[in-house]
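Visitor: Supplied in structure tokens, the structure appears directly below.
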Amino acid sequence: MNLPELAVKRPITTAMLIVSVLVMGGIAFMRLPLAYLPEVDIPFIGINIPYPNSDPVQVEKEIVKPVEEVLSTLAGVKTLNATARADEAQFFLQFDWGEELDIVRMQVSEKMDLIKPDLPANIGEVVIFSFNTSDIPVVEARLSAQGVDLSESYELIEARILNRIRRVAGVARVDLDGVEPREIDIALILEKVKAHNVDVGALIRQLQGASSNIVLGQIDDGAMRYTARVVGEFQSMEEIGNLAINDRGLRIKDIAEITYEEPPIPHGRHLDGEFAVGLSVFKESTANTVEVVRSVLAVINDDINGDPLLQGISLFVWENQADQITGGLNGLLKAGTIGALLAVLSLYFFLRRFDSTIIVSLSIPFSIIAACGILYFMGKSLNILSMMGLMLAVGMLVDNAVVVLESIDRTHRKEPGRHKSALMGARQVSTAVAASTLTTLIVFLPMILGAKTSLTTWLKEIAIAITIALACSLFSSLTLIPLM
């Protein structure tokens, strides 16, 4: 039994099917995540290797060249760029679009584990990173205080601002830029180190051992079992300075300068002419961007701005993705609504019948709602690109309905029976309508199934939305029109 026959011979079943699609589509539309852009992995991997107290020539010789030789053996690498700077080395690997970056990250990590024993012993932690569109901050803000230097207020900012925002549902992390927690810096004085013949390597190991926690094991005492461990922790800077280096009574303070201060900031920000601290909020990949941003702004407005301990501190939100998303979607929705109204007016101009115009126009909201339901079950989001695809499909959604309705109307003039004319008219054009829709869909299939490039990766969202909307319009034309 084909769709027109189902609509004519089983009208209640067809009506329930259409209502079910509308209900599920409506519920899915309300739950469809809102995002500014679809989640896309940018095909590159970055590696950062800190090498303290080194110069670029030394970094190039001891880190860049051996790491380049290992990374060049990776499959699928298009370009490999390396930069040697004072105190660090950076690598950027570019791959083809569509590459599984999770697998690539694992392969890069394995390569770095292989080469790490050949690198200098005093390198820092190797950081491997990539970029996804979900890594774009959803809220950007600035903190400043009139006549107050916030560089020494990290603990206050963390306790009264960061922790409150971190507790918001959907927030993945909150970053500060322009203020750092204070660190203890032990700067060895070269002349004194040479004069006392200090073994710097042994000194570093001694400091690491004095500040580490070691689990010794378990101790059984009858029916009780205890876990024994050594907790190494300095209680004050004086304790660090008085740490004995050798058996002659030499102490760290005798050969080094010990400071407890904020590390140097490479660049600064301003707000209202004052030095400011940058605040960036990132969301979880599965969270609704608009809901997360609104919750964060509510915390800022209700809790943070009213905190008496933060008086004099200005918190200015200069960018949030919720405004961008809602503004873009509202603009596209407005344009789509105007386009749909113009399509209805055009239909009425040619059909000259109000009832026929209404019947054909119903295919527009039905197809859009059903398409949103399918997008939800596919795990997609309603973003600028998918919304654009739905709006572009509006003008094509009524084509099939017009053809089917005109065929039914023409058949009804020869065949008085309402059900028979609806069945015959829809059958006559069902193959042609299906073929016409499929030929339109074929145009978009290369963007969905073809090789991924920087262009097709973004246009894929538009193509998927158009394809689903047109498929829904074909279904509505062969069921809704004969049913009416």
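Labels used: A, B, ... for chains in the order of the structure tokens, numbers from 1 for residues in each chain, and numbers from 1 for ligands as shown.
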Quick one: residues within 12 Å of A:Glu60, only C-alpha atoms counted, chain neighbours fewer than 6 positions away excluded, as a list in words?
Guide: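 Returned residues: Ile49, Tyr51, Ser54, Pro66, Val67, Glu68, Ala82, Thr83, Ala84, Arg85, Ala86, Asp87, Glu88, Ala89, Gln90, Phe91 and Leu119 of chain A.
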Visitor: Keeping only C-alpha atoms, write the selected residues as a PDB file, in the first residue's frame.
Guide:
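Contents of part-v3.pdb, freshly written:
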```
ATOM      1  CA  ILE A  49      57.241  21.331  25.173  1.00  0.00           C
ATOM      2  CA  TYR A  51      62.304  23.825  28.314  1.00  0.00           C
ATOM      3  CA  SER A  54      67.129  27.570  27.425  1.00  0.00           C
ATOM      4  CA  PRO A  66      64.593  14.873  17.177  1.00  0.00           C
ATOM      5  CA  VAL A  67      60.850  15.459  17.667  1.00  0.00           C
ATOM      6  CA  GLU A  68      60.413  16.483  14.012  1.00  0.00           C
ATOM      7  CA  ALA A  82      57.998  23.743  14.402  1.00  0.00           C
ATOM      8  CA  THR A  83      59.012  26.854  16.321  1.00  0.00           C
ATOM      9  CA  ALA A  84      61.964  27.128  18.685  1.00  0.00           C
ATOM     10  CA  ARG A  85      61.682  29.875  21.273  1.00  0.00           C
ATOM     11  CA  ALA A  86      63.444  30.680  24.481  1.00  0.00           C
ATOM     12  CA  ASP A  87      62.179  28.239  27.123  1.00  0.00           C
ATOM     13  CA  GLU A  88      59.869  26.233  24.844  1.00  0.00           C
ATOM     14  CA  ALA A  89      59.299  24.414  21.552  1.00  0.00           C
ATOM     15  CA  GLN A  90      56.008  24.328  19.666  1.00  0.00           C
ATOM     16  CA  PHE A  91      54.815  21.985  16.907  1.00  0.00           C
ATOM     17  CA  LEU A 119      64.959  14.641  25.237  1.00  0.00           C
TER      18      LEU A 119
END
```
Visitor: Write out as a list of chain:residue names each polymer residue whose atoms come within 10 Å of stretch 303-315 of chain A, counting only C-alpha atoms; drop sequence neighbours fewer than 3 positions from it.
Guide: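 So, after excluding close chain neighbours, the residues are A:Ala141, A:Arg142, A:Leu143, A:Ser144, A:Ala145, A:Gln146, A:Gly147, A:Val148, A:Leu150, A:Leu156, A:Ile157, A:Arg160, A:Ile161, A:Leu162, A:Arg164, A:Ile165, A:Leu271, A:Asp272, A:Ala276, A:Val277, A:Gly278, A:Leu279, A:Leu297, A:Ala298, A:Val299, A:Ile300, A:Trp318.
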Visitor: Suppose you want the space between atom CA of A:Glu110 and atom CA of A:Phe129; what is it in Å?
Guide: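 Calculated distance between atom CA of A:Glu110 and atom CA of A:Phe129 is 14.2 Å.
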Visitor: If we count only C-alpha atoms, what is near A:Val198 at a cut-off of 12 Å, once residues fewer than 2 positions away on the same chain are taken out, given as a ChimeraX atom specification?
Guide: /A:188-196,200-204,244-246,248,250-252,254-256
Visitor: May I have the selected residues written with N, CA and C atoms, as a short mmCIF file (atom, residue, chain, number, x, y, z; two decimals), in the first residue's frame?
Guide:
```cif
data_model
loop_
_atom_site.label_atom_id
_atom_site.label_comp_id
_atom_site.auth_asym_id
_atom_site.auth_seq_id
_atom_site.Cartn_x
_atom_site.Cartn_y
_atom_site.Cartn_z
N LEU A 188 68.76 30.66 41.90
CA LEU A 188 70.12 30.37 42.37
C LEU A 188 71.08 31.48 41.93
N ILE A 189 71.99 31.85 42.80
CA ILE A 189 73.01 32.85 42.50
C ILE A 189 74.25 32.10 42.02
N LEU A 190 74.59 32.30 40.75
CA LEU A 190 75.63 31.49 40.11
C LEU A 190 76.96 31.57 40.86
N GLU A 191 77.37 32.76 41.26
CA GLU A 191 78.66 32.90 41.92
C GLU A 191 78.71 32.10 43.22
N LYS A 192 77.61 32.16 44.00
CA LYS A 192 77.59 31.43 45.27
C LYS A 192 77.51 29.93 45.05
N VAL A 193 76.82 29.51 43.99
CA VAL A 193 76.75 28.07 43.69
C VAL A 193 78.13 27.54 43.36
N LYS A 194 78.87 28.30 42.56
CA LYS A 194 80.23 27.89 42.22
C LYS A 194 81.16 27.94 43.43
N ALA A 195 80.99 28.98 44.23
CA ALA A 195 81.88 29.12 45.38
C ALA A 195 81.72 27.97 46.37
N HIS A 196 80.53 27.50 46.57
CA HIS A 196 80.26 26.41 47.52
C HIS A 196 80.23 25.04 46.84
N VAL A 200 73.79 21.12 41.58
CA VAL A 200 72.44 21.63 41.31
C VAL A 200 71.46 20.49 41.10
N GLY A 201 71.86 19.43 40.40
CA GLY A 201 70.98 18.29 40.18
C GLY A 201 70.55 17.65 41.47
N ALA A 202 71.49 17.46 42.40
CA ALA A 202 71.16 16.87 43.69
C ALA A 202 70.25 17.80 44.49
N LEU A 203 70.47 19.11 44.36
CA LEU A 203 69.61 20.08 45.06
C LEU A 203 68.18 20.00 44.55
N ILE A 204 68.00 19.89 43.23
CA ILE A 204 66.66 19.79 42.66
C ILE A 204 65.96 18.53 43.16
N ALA A 244 68.68 22.58 54.81
CA ALA A 244 70.13 22.32 54.72
C ALA A 244 70.46 21.59 53.43
N ILE A 245 71.54 22.04 52.80
CA ILE A 245 71.96 21.45 51.53
C ILE A 245 73.02 20.38 51.76
N ASN A 246 73.95 20.64 52.67
CA ASN A 246 75.01 19.67 52.93
C ASN A 246 75.26 19.59 54.44
N ARG A 248 77.75 20.65 56.00
CA ARG A 248 78.52 21.77 56.50
C ARG A 248 77.64 22.92 56.97
N LEU A 250 75.33 24.49 55.07
CA LEU A 250 74.93 25.40 53.99
C LEU A 250 73.43 25.28 53.75
N ARG A 251 72.77 26.41 53.64
CA ARG A 251 71.32 26.43 53.45
C ARG A 251 70.98 27.08 52.11
N ILE A 252 69.71 26.84 51.69
CA ILE A 252 69.29 27.37 50.38
C ILE A 252 69.36 28.89 50.36
N ASP A 254 71.44 30.74 51.53
CA ASP A 254 72.81 31.21 51.38
C ASP A 254 73.24 31.28 49.93
N ILE A 255 72.55 30.56 49.04
CA ILE A 255 72.98 30.53 47.63
C ILE A 255 71.87 30.94 46.67
N ALA A 256 70.71 31.35 47.17
CA ALA A 256 69.57 31.66 46.30
C ALA A 256 68.73 32.77 46.88
#
```
Visitor: As a PyMOL selection string, please: every residue in stretch 71-311 of chain A that a backbone DSSP assignment puts in strand (DSSP E or B).
Guide: chain A and resi 77-85+88-95+127-132+139-145+171-177+183-188+213-221+224-231+244+251+256-261+269-271+274-283
Visitor: I'd like to know which of A:Tyr376, A:Ile408, A:Ala469, A:Lys414 is closest to A:Gly25, using only C-alpha atoms.
Guide: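 Among the listed residues, the smallest separation from A:Gly25 belongs to A:Tyr376.
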Visitor: Hey, could you make a per-residue contact list for stretch 353-419 of chain A against stretch 28-42 of chain A with 8 Å as the cut-off, showing the nearest pair of atoms and its distance in Å to one decimal, counting only C-alpha atoms, sorted by chain and number, as JSON lines?
Guide:
```
{"residue": "A:Ile369", "atom": "CA", "partner": "A:Phe29", "partner_atom": "CA", "distance": 7.0}
{"residue": "A:Cys372", "atom": "CA", "partner": "A:Phe29", "partner_atom": "CA", "distance": 5.6}
{"residue": "A:Gly373", "atom": "CA", "partner": "A:Ala28", "partner_atom": "CA", "distance": 4.9}
{"residue": "A:Leu375", "atom": "CA", "partner": "A:Leu32", "partner_atom": "CA", "distance": 8.0}
{"residue": "A:Tyr376", "atom": "CA", "partner": "A:Leu32", "partner_atom": "CA", "distance": 5.6}
{"residue": "A:Phe377", "atom": "CA", "partner": "A:Ala28", "partner_atom": "CA", "distance": 7.9}
{"residue": "A:Lys380", "atom": "CA", "partner": "A:Pro33", "partner_atom": "CA", "distance": 7.7}
{"residue": "A:Ser381", "atom": "CA", "partner": "A:Pro33", "partner_atom": "CA", "distance": 4.9}
{"residue": "A:Leu382", "atom": "CA", "partner": "A:Leu34", "partner_atom": "CA", "distance": 5.0}
{"residue": "A:Asn383", "atom": "CA", "partner": "A:Ala35", "partner_atom": "CA", "distance": 4.9}
{"residue": "A:Ile384", "atom": "CA", "partner": "A:Tyr36", "partner_atom": "CA", "distance": 5.9}
{"residue": "A:Leu385", "atom": "CA", "partner": "A:Leu37", "partner_atom": "CA", "distance": 7.1}
```
Visitor: Let's have the selection written as a PDB file, in the first residue's frame, with N, CA, C and O atoms.
Guide:
```pdb
ATOM      1  N   ILE A 369       8.774  21.245  11.187  1.00  0.00           N
ATOM      2  CA  ILE A 369       8.689  20.605  12.509  1.00  0.00           C
ATOM      3  C   ILE A 369       9.207  19.171  12.450  1.00  0.00           C
ATOM      4  O   ILE A 369       9.963  18.722  13.324  1.00  0.00           O
ATOM      5  N   CYS A 372      12.988  19.158  12.204  1.00  0.00           N
ATOM      6  CA  CYS A 372      13.627  19.446  13.498  1.00  0.00           C
ATOM      7  C   CYS A 372      13.634  18.204  14.387  1.00  0.00           C
ATOM      8  O   CYS A 372      14.608  17.955  15.118  1.00  0.00           O
ATOM      9  N   GLY A 373      12.560  17.420  14.328  1.00  0.00           N
ATOM     10  CA  GLY A 373      12.526  16.179  15.094  1.00  0.00           C
ATOM     11  C   GLY A 373      13.595  15.202  14.644  1.00  0.00           C
ATOM     12  O   GLY A 373      14.278  14.585  15.461  1.00  0.00           O
ATOM     13  N   LEU A 375      16.421  15.997  13.113  1.00  0.00           N
ATOM     14  CA  LEU A 375      17.714  16.559  13.504  1.00  0.00           C
ATOM     15  C   LEU A 375      18.016  16.259  14.969  1.00  0.00           C
ATOM     16  O   LEU A 375      19.163  15.972  15.327  1.00  0.00           O
ATOM     17  N   TYR A 376      16.984  16.312  15.807  1.00  0.00           N
ATOM     18  CA  TYR A 376      17.189  16.030  17.232  1.00  0.00           C
ATOM     19  C   TYR A 376      17.615  14.579  17.443  1.00  0.00           C
ATOM     20  O   TYR A 376      18.561  14.296  18.184  1.00  0.00           O
ATOM     21  N   PHE A 377      16.927  13.642  16.792  1.00  0.00           N
ATOM     22  CA  PHE A 377      17.259  12.234  16.976  1.00  0.00           C
ATOM     23  C   PHE A 377      18.577  11.865  16.291  1.00  0.00           C
ATOM     24  O   PHE A 377      19.161  10.827  16.605  1.00  0.00           O
ATOM     25  N   LYS A 380      21.947  16.280  16.220  1.00  0.00           N
ATOM     26  CA  LYS A 380      22.380  17.566  15.687  1.00  0.00           C
ATOM     27  C   LYS A 380      21.898  18.701  16.591  1.00  0.00           C
ATOM     28  O   LYS A 380      21.113  18.498  17.510  1.00  0.00           O
ATOM     29  N   SER A 381      22.382  19.885  16.300  1.00  0.00           N
ATOM     30  CA  SER A 381      21.960  21.078  17.018  1.00  0.00           C
ATOM     31  C   SER A 381      21.324  22.049  16.031  1.00  0.00           C
ATOM     32  O   SER A 381      21.534  21.964  14.817  1.00  0.00           O
ATOM     33  N   LEU A 382      20.541  22.972  16.575  1.00  0.00           N
ATOM     34  CA  LEU A 382      19.959  24.028  15.757  1.00  0.00           C
ATOM     35  C   LEU A 382      20.927  25.210  15.807  1.00  0.00           C
ATOM     36  O   LEU A 382      20.980  25.946  16.786  1.00  0.00           O
ATOM     37  N   ASN A 383      21.710  25.341  14.766  1.00  0.00           N
ATOM     38  CA  ASN A 383      22.722  26.385  14.715  1.00  0.00           C
ATOM     39  C   ASN A 383      22.487  27.268  13.497  1.00  0.00           C
ATOM     40  O   ASN A 383      21.507  27.104  12.766  1.00  0.00           O
ATOM     41  N   ILE A 384      23.387  28.197  13.291  1.00  0.00           N
ATOM     42  CA  ILE A 384      23.222  29.142  12.192  1.00  0.00           C
ATOM     43  C   ILE A 384      23.147  28.432  10.843  1.00  0.00           C
ATOM     44  O   ILE A 384      22.319  28.781   9.990  1.00  0.00           O
ATOM     45  N   LEU A 385      23.963  27.402  10.648  1.00  0.00           N
ATOM     46  CA  LEU A 385      24.012  26.724   9.352  1.00  0.00           C
ATOM     47  C   LEU A 385      22.781  25.840   9.126  1.00  0.00           C
ATOM     48  O   LEU A 385      22.200  25.848   8.036  1.00  0.00           O
TER      49      LEU A 385
END
```
Visitor: Could you state the separation of atom CA of A:Arg294 and atom CA of A:Met391 in Å, given to one decimal place?
Guide: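 So the two atoms, atom CA of A:Arg294 and atom CA of A:Met391, lie 26.3 Å apart.
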Visitor: Name the residues of stretch 93-135 of chain A that fall into alpha helix (DSSP H) according to DSSP on the backbone, using the chain letters and numbers of this document, as a PyMOL selection string.
Guide: chain A and resi 101-115
Visitor: Which one of A:Thr467, A:Asn301, A:Thr457, A:Ser361 sits closest to A:Leu341 if you count only C-alpha atoms?
Guide: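 Of A:Thr467, A:Asn301, A:Thr457, A:Ser361, the one nearest A:Leu341, counting only C-alpha atoms, is A:Ser361.
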Visitor: Report as a list in words all protein, DNA and RNA residues lying within 12 Å of A:Pro117, evaluated on only C-alpha atoms, omitting residues in the same chain fewer than 3 positions from it.
Guide: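 Counting only C-alpha atoms, the residues come to Glu62, Ile63, Pro66, Val67, Lys111, Met112, Asp113, Leu114, Pro120, Ala121, Asn122 and Ile123 of chain A.
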Visitor: Enter the distance from atom CA of A:Glu284 to atom CA of A:Arg166, in Å, rounded to one decimal.
Guide: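 The value is 11.4 Å.
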Visitor: Between A:Gly425, A:Pro50, A:Gly331, A:Gly389, which one has atoms that come closest to A:Val404, using only C-alpha atoms?
Guide: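 Between A:Gly425, A:Pro50, A:Gly331, A:Gly389, the residue approaching A:Val404 most closely is A:Gly425.
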Visitor: What lies within 10 Å of A:Ser109 using only C-alpha atoms, ignoring chain neighbours under 5 positions off, as an mmCIF file with all heavy atoms, in the first residue's frame?
Guide:
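Produced file out.cif, reproduced below:
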```cif
data_model
loop_
_atom_site.group_PDB
_atom_site.id
_atom_site.type_symbol
_atom_site.label_atom_id
_atom_site.label_comp_id
_atom_site.auth_asym_id
_atom_site.auth_seq_id
_atom_site.Cartn_x
_atom_site.Cartn_y
_atom_site.Cartn_z
ATOM 1 N N ILE A 47 51.530 20.765 19.804
ATOM 2 C CA ILE A 47 52.350 20.199 20.878
ATOM 3 C C ILE A 47 53.201 21.321 21.457
ATOM 4 O O ILE A 47 53.849 22.059 20.700
ATOM 5 C CB ILE A 47 53.251 19.060 20.373
ATOM 6 C CG1 ILE A 47 52.436 17.981 19.670
ATOM 7 C CG2 ILE A 47 54.047 18.452 21.526
ATOM 8 C CD1 ILE A 47 53.279 16.935 18.989
ATOM 9 N N ILE A 103 42.004 9.443 17.362
ATOM 10 C CA ILE A 103 43.020 8.440 17.038
ATOM 11 C C ILE A 103 44.361 9.111 16.796
ATOM 12 O O ILE A 103 45.415 8.613 17.220
ATOM 13 C CB ILE A 103 42.573 7.624 15.804
ATOM 14 C CG1 ILE A 103 41.269 6.876 16.115
ATOM 15 C CG2 ILE A 103 43.659 6.652 15.375
ATOM 16 C CD1 ILE A 103 40.708 6.111 14.935
ATOM 17 N N VAL A 104 44.344 10.255 16.118
ATOM 18 C CA VAL A 104 45.589 10.972 15.830
ATOM 19 C C VAL A 104 46.247 11.429 17.130
ATOM 20 O O VAL A 104 47.468 11.320 17.293
ATOM 21 C CB VAL A 104 45.309 12.170 14.907
ATOM 22 C CG1 VAL A 104 46.572 13.017 14.732
ATOM 23 C CG2 VAL A 104 44.827 11.691 13.546
ATOM 24 N N LEU A 114 57.727 7.728 23.017
ATOM 25 C CA LEU A 114 58.914 7.045 22.494
ATOM 26 C C LEU A 114 60.135 7.956 22.490
ATOM 27 O O LEU A 114 61.252 7.522 22.780
ATOM 28 C CB LEU A 114 58.645 6.523 21.078
ATOM 29 C CG LEU A 114 57.653 5.364 20.947
ATOM 30 C CD1 LEU A 114 57.400 5.040 19.480
ATOM 31 C CD2 LEU A 114 58.170 4.130 21.672
ATOM 32 N N VAL A 126 54.793 17.791 28.658
ATOM 33 C CA VAL A 126 54.441 17.904 27.247
ATOM 34 C C VAL A 126 52.920 18.039 27.122
ATOM 35 O O VAL A 126 52.171 17.194 27.624
ATOM 36 C CB VAL A 126 54.941 16.688 26.451
ATOM 37 C CG1 VAL A 126 54.518 16.795 24.986
ATOM 38 C CG2 VAL A 126 56.458 16.570 26.560
ATOM 39 N N VAL A 127 52.477 19.096 26.460
ATOM 40 C CA VAL A 127 51.053 19.373 26.307
ATOM 41 C C VAL A 127 50.664 19.145 24.853
ATOM 42 O O VAL A 127 51.242 19.745 23.941
ATOM 43 C CB VAL A 127 50.706 20.816 26.728
ATOM 44 C CG1 VAL A 127 49.225 21.086 26.528
ATOM 45 C CG2 VAL A 127 51.104 21.059 28.179
ATOM 46 N N ILE A 128 49.696 18.259 24.637
ATOM 47 C CA ILE A 128 49.161 17.982 23.297
ATOM 48 C C ILE A 128 47.738 18.522 23.260
ATOM 49 O O ILE A 128 46.915 18.175 24.107
ATOM 50 C CB ILE A 128 49.172 16.473 22.989
ATOM 51 C CG1 ILE A 128 50.597 15.920 23.096
ATOM 52 C CG2 ILE A 128 48.600 16.200 21.599
ATOM 53 C CD1 ILE A 128 50.677 14.409 22.963
#
```
Visitor: Of the residues A:Phe275, A:Phe234, A:Phe366, A:Phe475, which is the one nearest to A:Gly26, using only C-alpha atoms?
Guide: A:Phe366
